>>> print(open('final.cif').read())   # mmCIF, C-alpha atoms
data_structure
#
loop_
_atom_site.label_atom_id
_atom_site.label_comp_id
_atom_site.auth_asym_id
_atom_site.auth_seq_id
_atom_site.Cartn_x
_atom_site.Cartn_y
_atom_site.Cartn_z
CA MET A 1262 77.41 117.01 146.23
CA LYS A 1263 75.91 119.87 144.23
CA LYS A 1264 79.38 120.98 143.07
CA THR A 1265 80.14 117.45 141.81
CA ILE A 1266 76.92 117.39 139.80
CA ASN A 1267 77.65 120.82 138.34
CA ILE A 1268 81.12 119.71 137.22
CA GLU A 1269 79.62 116.62 135.58
CA VAL A 1270 77.05 118.77 133.74
CA GLN A 1271 79.83 121.03 132.50
CA LYS A 1272 81.82 118.04 131.21
CA ASN A 1273 78.76 116.68 129.40
CA HIS A 1274 78.04 120.13 127.93
CA LYS A 1275 81.60 120.33 126.63
CA ARG A 1276 81.38 116.83 125.08
CA VAL A 1277 78.09 117.64 123.35
CA ARG A 1278 79.53 120.93 122.07
CA GLU A 1279 82.61 119.13 120.71
CA MET A 1280 80.51 116.44 119.02
CA ALA A 1281 78.20 119.03 117.46
CA MET A 1282 81.08 121.14 116.16
CA THR A 1283 82.90 118.03 114.89
CA GLY A 1284 79.82 116.98 112.94
CA LEU A 1285 79.19 120.48 111.65
CA LEU A 1286 82.77 120.90 110.41
CA ALA A 1287 82.81 117.39 108.89
CA GLY A 1288 79.60 118.31 107.03
CA LEU A 1289 81.21 121.55 105.82
CA ALA A 1290 84.16 119.52 104.48
CA VAL A 1291 81.81 117.15 102.62
CA VAL A 1292 79.72 119.93 101.07
CA GLY A 1293 82.82 121.96 100.27
CA GLY A 1294 84.42 118.84 98.79
CA ALA A 1295 81.48 118.50 96.43
CA LEU A 1296 81.59 122.14 95.36
CA ILE A 1297 85.28 123.06 95.26
CA VAL A 1298 87.60 120.46 93.71
CA ILE A 1299 91.04 120.72 92.12
CA PRO A 1300 91.10 117.84 89.64
CA THR A 1301 94.39 116.04 89.10
CA PRO A 1302 95.06 112.77 87.29
CA PHE A 1303 95.71 110.92 90.55
CA ALA A 1304 93.48 112.46 93.24
CA ARG A 1305 90.55 114.77 93.79
CA CYS A 1306 92.10 117.62 95.77
CA VAL A 1307 89.68 119.27 98.15
CA PRO A 1308 91.02 122.49 99.72
CA VAL A 1309 87.92 122.91 101.92
CA GLN A 1310 88.91 119.73 103.80
CA HIS A 1311 92.23 121.31 104.67
CA MET A 1312 90.57 124.53 105.74
CA VAL A 1313 88.32 122.48 108.03
CA ASN A 1314 91.36 120.60 109.40
CA VAL A 1315 92.93 123.86 110.54
CA LEU A 1316 89.60 125.11 111.97
CA CYS A 1317 89.28 121.85 113.91
CA ALA A 1318 92.87 122.11 115.12
CA VAL A 1319 92.25 125.55 116.57
CA LEU A 1320 88.71 125.00 117.84
CA LEU A 1321 88.59 121.35 118.89
CA GLY A 1322 91.97 119.65 119.15
CA PRO A 1323 93.54 116.48 117.76
CA ARG A 1324 90.88 113.91 118.65
CA CYS A 1325 87.92 115.82 117.24
CA GLY A 1326 89.91 117.15 114.27
CA THR A 1327 91.02 113.68 113.23
CA THR A 1328 87.49 112.37 113.78
CA ALA A 1329 86.04 115.12 111.57
CA ALA A 1330 88.55 114.25 108.84
CA PHE A 1331 87.65 110.55 109.10
CA ILE A 1332 83.91 111.29 108.96
CA ALA A 1333 84.30 113.62 105.97
CA SER A 1334 86.48 111.11 104.09
CA THR A 1335 84.00 108.33 104.77
CA LEU A 1336 81.00 110.38 103.66
CA ARG A 1337 82.79 111.58 100.51
CA ASN A 1338 83.58 107.95 99.63
CA ILE A 1339 80.02 106.81 100.31
CA LEU A 1340 78.68 109.65 98.15
CA GLY A 1341 81.13 108.84 95.35
CA ILE A 1342 82.91 112.21 95.52
CA GLY A 1343 86.09 110.99 97.19
CA THR A 1344 88.75 108.30 97.01
CA LEU A 1345 90.50 106.13 99.58
CA VAL A 1346 93.56 108.40 99.51
CA ALA A 1347 91.42 110.98 101.32
CA TYR A 1348 91.93 109.05 104.56
CA PRO A 1349 95.70 109.32 104.99
CA GLY A 1350 95.79 112.77 103.42
CA SER A 1351 93.15 114.44 105.55
CA MET A 1352 93.73 112.55 108.78
CA CYS A 1353 97.51 113.09 108.90
CA GLY A 1354 97.05 116.78 108.26
CA ALA A 1355 94.29 117.15 110.85
CA MET A 1356 96.28 115.32 113.52
CA LEU A 1357 99.59 117.11 112.98
CA SER A 1358 97.90 120.49 112.67
CA ALA A 1359 96.10 120.03 115.98
CA LEU A 1360 99.14 118.63 117.76
CA LEU A 1361 101.32 121.55 116.68
CA TYR A 1362 98.58 124.04 117.59
CA ALA A 1363 98.21 122.42 121.02
CA ARG A 1364 101.98 122.61 121.54
CA PHE A 1365 102.67 126.13 120.27
CA HIS A 1366 99.23 127.86 120.39
CA THR A 1367 99.84 129.75 117.17
CA LEU A 1368 97.89 129.76 113.95
CA LYS A 1369 101.15 129.50 112.04
CA ALA A 1370 101.91 126.18 113.77
CA ALA A 1371 98.47 124.82 112.83
CA ILE A 1372 98.95 125.85 109.19
CA ILE A 1373 102.45 124.35 109.00
CA GLY A 1374 101.17 121.15 110.61
CA GLU A 1375 98.35 120.86 108.09
CA ILE A 1376 100.60 121.50 105.09
CA PHE A 1377 103.35 119.09 106.20
CA GLY A 1378 100.92 116.50 107.57
CA THR A 1379 98.84 116.32 104.41
CA GLY A 1380 101.29 117.47 101.73
CA ILE A 1381 104.18 115.26 102.76
CA LEU A 1382 103.15 112.58 105.28
CA GLY A 1383 99.62 112.02 103.95
CA ALA A 1384 100.84 112.05 100.36
CA LEU A 1385 103.51 109.45 101.08
CA LEU A 1386 101.03 107.26 102.97
CA SER A 1387 98.62 107.54 100.04
CA TYR A 1388 101.04 105.68 97.82
CA PRO A 1389 100.48 102.23 99.38
CA VAL A 1390 96.73 102.88 99.55
CA SER A 1391 96.68 103.69 95.85
CA ALA A 1392 99.14 101.00 94.80
CA TYR A 1393 97.76 98.09 96.78
CA LEU A 1394 94.11 98.90 97.48
CA LEU A 1395 93.25 100.76 94.28
CA GLY A 1396 95.51 98.75 91.98
CA ASN A 1397 97.69 101.62 90.74
CA ALA A 1398 100.99 99.79 91.22
CA GLY A 1399 102.77 101.78 88.48
CA LEU A 1400 102.72 105.05 90.46
CA ALA A 1401 105.85 106.64 91.86
CA VAL A 1402 106.15 107.05 95.62
CA PHE A 1403 106.01 110.86 95.35
CA THR A 1404 103.03 110.94 92.94
CA PHE A 1405 100.67 112.58 95.44
CA VAL A 1406 103.05 115.13 96.97
CA VAL A 1407 102.57 117.99 94.49
CA PRO A 1408 98.76 117.74 94.17
CA PHE A 1409 98.35 117.33 97.92
CA LEU A 1410 100.67 120.29 98.61
CA VAL A 1411 98.64 122.50 96.24
CA SER A 1412 95.35 121.49 97.84
CA THR A 1413 96.49 121.68 101.45
CA SER A 1414 98.30 124.99 100.97
CA ALA A 1415 95.21 126.61 99.48
CA GLY A 1416 92.97 125.28 102.26
CA ALA A 1417 95.32 125.95 105.16
CA ILE A 1418 96.08 129.50 104.06
CA SER A 1419 92.35 130.14 103.56
CA ALA A 1420 91.72 128.93 107.11
CA GLY A 1421 94.47 131.20 108.39
CA ILE A 1422 92.90 134.21 106.70
CA LEU A 1423 89.42 133.25 107.95
CA LEU A 1424 90.60 132.70 111.53
CA SER A 1425 92.57 135.96 111.50
CA ILE A 1426 89.45 137.87 110.45
CA LEU A 1427 87.20 136.03 112.89
CA SER A 1428 89.59 136.53 115.80
CA LYS A 1429 88.61 140.20 115.80
CA ASN A 1430 84.94 139.28 116.34
CA GLU A 1431 83.54 139.14 119.89
CA ALA A 1432 81.25 136.19 119.12
CA PHE A 1433 84.18 134.19 117.83
CA LYS A 1434 86.22 135.05 120.92
CA ARG A 1435 83.41 133.52 122.97
CA ILE A 1436 83.52 130.33 120.87
CA MET A 1437 87.28 130.16 121.39
CA ARG A 1438 86.77 130.11 125.16
CA LYS A 1439 86.52 126.37 125.57
CA ASP A 1440 84.29 126.73 128.64
CA CYS A 1441 81.25 128.31 126.96
#
>>> encode(input="final.cif", output="structure tokens")
Amino acid sequence: MKKTINIEVQKNHKRVREMAMTGLLAGLAVVGGALIVIPTPFARCVPVQHMVNVLCAVLLGPRCGTTAAFIASTLRNILGIGTLVAYPGSMCGAMLSALLYARFHTLKAAIIGEIFGTGILGALLSYPVSAYLLGNAGLAVFTFVVPFLVSTSAGAISAGILLSILSKNEAFKRIMRKDC
């Protein structure tokens, strides 16, 4: 009986830890999105969001990473510092980054997933959002690919550098142990 209770406490502790880190990283994406922006004629490119997507992929997995991207996109839109194209861009990148990291367990896989997920898939899915929801019907299908690739490459590579540096730190190694 005591062992069953202990396992349940550990599961709850893990869930609370995941929710707290998801919220913290979503907040970092929102604040970073307000401070560091690459302006383009068609979208506000936010490299910090892509850095957070890779961090979430490595630390939390697909569900929490995609949730953090959704929360950050929603908050940026509510605050007036984002657009609706943030949803497909950030969420596709977060999901693919985490799925590839879960499959291959390499930072390179997470970075490639983020860049392809946001820069190609998210950019292509942003076209119908922009054309039909935002009224920009005159755009070309590939309008968002180049700006999204610039933004996601900068953010994903920054995350790779940050995670490489942090991986040498004992405190970070403890965070990476999913059981702490």
>>> resolve_selection(input="final.cif", expression="the PyMOL selection byres ((chain A and resi 1418-1433) around 9)", output="PDB file with C-alpha atoms, keeping the file's coordinate frame")
ATOM      1  CA  PRO A1308      91.020 122.490  99.720  1.00  0.00           C
ATOM      2  CA  VAL A1309      87.920 122.910 101.920  1.00  0.00           C
ATOM      3  CA  HIS A1311      92.230 121.310 104.670  1.00  0.00           C
ATOM      4  CA  MET A1312      90.570 124.530 105.740  1.00  0.00           C
ATOM      5  CA  VAL A1313      88.320 122.480 108.030  1.00  0.00           C
ATOM      6  CA  ASN A1314      91.360 120.600 109.400  1.00  0.00           C
ATOM      7  CA  VAL A1315      92.930 123.860 110.540  1.00  0.00           C
ATOM      8  CA  LEU A1316      89.600 125.110 111.970  1.00  0.00           C
ATOM      9  CA  VAL A1319      92.250 125.550 116.570  1.00  0.00           C
ATOM     10  CA  LEU A1368      97.890 129.760 113.950  1.00  0.00           C
ATOM     11  CA  LYS A1369     101.150 129.500 112.040  1.00  0.00           C
ATOM     12  CA  ALA A1371      98.470 124.820 112.830  1.00  0.00           C
ATOM     13  CA  ILE A1372      98.950 125.850 109.190  1.00  0.00           C
ATOM     14  CA  THR A1413      96.490 121.680 101.450  1.00  0.00           C
ATOM     15  CA  SER A1414      98.300 124.990 100.970  1.00  0.00           C
ATOM     16  CA  ALA A1415      95.210 126.610  99.480  1.00  0.00           C
ATOM     17  CA  GLY A1416      92.970 125.280 102.260  1.00  0.00           C
ATOM     18  CA  ALA A1417      95.320 125.950 105.160  1.00  0.00           C
ATOM     19  CA  LYS A1434      86.220 135.050 120.920  1.00  0.00           C
ATOM     20  CA  ARG A1435      83.410 133.520 122.970  1.00  0.00           C
ATOM     21  CA  ILE A1436      83.520 130.330 120.870  1.00  0.00           C
ATOM     22  CA  MET A1437      87.280 130.160 121.390  1.00  0.00           C
ATOM     23  CA  ARG A1438      86.770 130.110 125.160  1.00  0.00           C
TER      24      ARG A1438
END
>>> residues_around(input="final.cif", residues="Pro1323 (chain A)", least_positions_apart="3", cutoff="9 Å", atoms="only C-alpha atoms", output="list in words")
Cys1317, Ala1318, Gly1326, Thr1327, Thr1328, Ala1355, Met1356, Leu1357, Ser1358, Ala1359, Leu1360 and Ala1363 of chain A
>>> resolve_selection(input="final.cif", expression="the PyMOL selection byres ((chain A and resi 1290) around 7)", output="PyMOL selection string")
chain A and resi 1286-1289+1291-1294+1309-1310+1313+1333
>>> atom_distance(input="final.cif", atom1="CA of Ser1412 (chain A)", atom2="CA of Arg1364 (chain A)")
24.6 Å
>>> atom_distance(input="final.cif", atom1="CA of Ser1391 (chain A)", atom2="CA of Gly1343 (chain A)")
12.9 Å
>>> resolve_selection(input="final.cif", expression="the PyMOL selection byres ((chain A and resi 1403) around 10)", output="MDAnalysis selection string")
chainID A and resid 1381 1384:1388 1400:1402 1404:1407
>>> residues_around(input="final.cif", residues="Leu1395 (chain A)", least_positions_apart="5", cutoff="9 Å", atoms="all atoms listed in the file", output="ChimeraX atom specification")
/A:1345,1389-1390
>>> closest_residue(input="final.cif", among="A:Ile1342, A:Ile1268, A:Cys1353, A:Glu1375", to="Ile1297 (chain A)", atoms="all atoms listed in the file")
A:Ile1342
>>> closest_residue(input="final.cif", among="A:Ala1295, A:Leu1410, A:Ala1330, A:Leu1285", to="Ser1351 (chain A)", atoms="all atoms listed in the file")
A:Ala1330
>>> closest_residue(input="final.cif", among="A:Val1307, A:Ala1392, A:Val1298, A:Leu1320", to="Ser1334 (chain A)", atoms="only C-alpha atoms")
A:Val1307
>>> atom_distance(input="final.cif", atom1="CA of Leu1321 (chain A)", atom2="CA of Glu1269 (chain A)")
19.5 Å
>>> closest_residue(input="final.cif", among="A:Gly1383, A:Thr1335, A:Tyr1362, A:Val1411", to="Pro1300 (chain A)", atoms="all atoms listed in the file")
A:Val1411
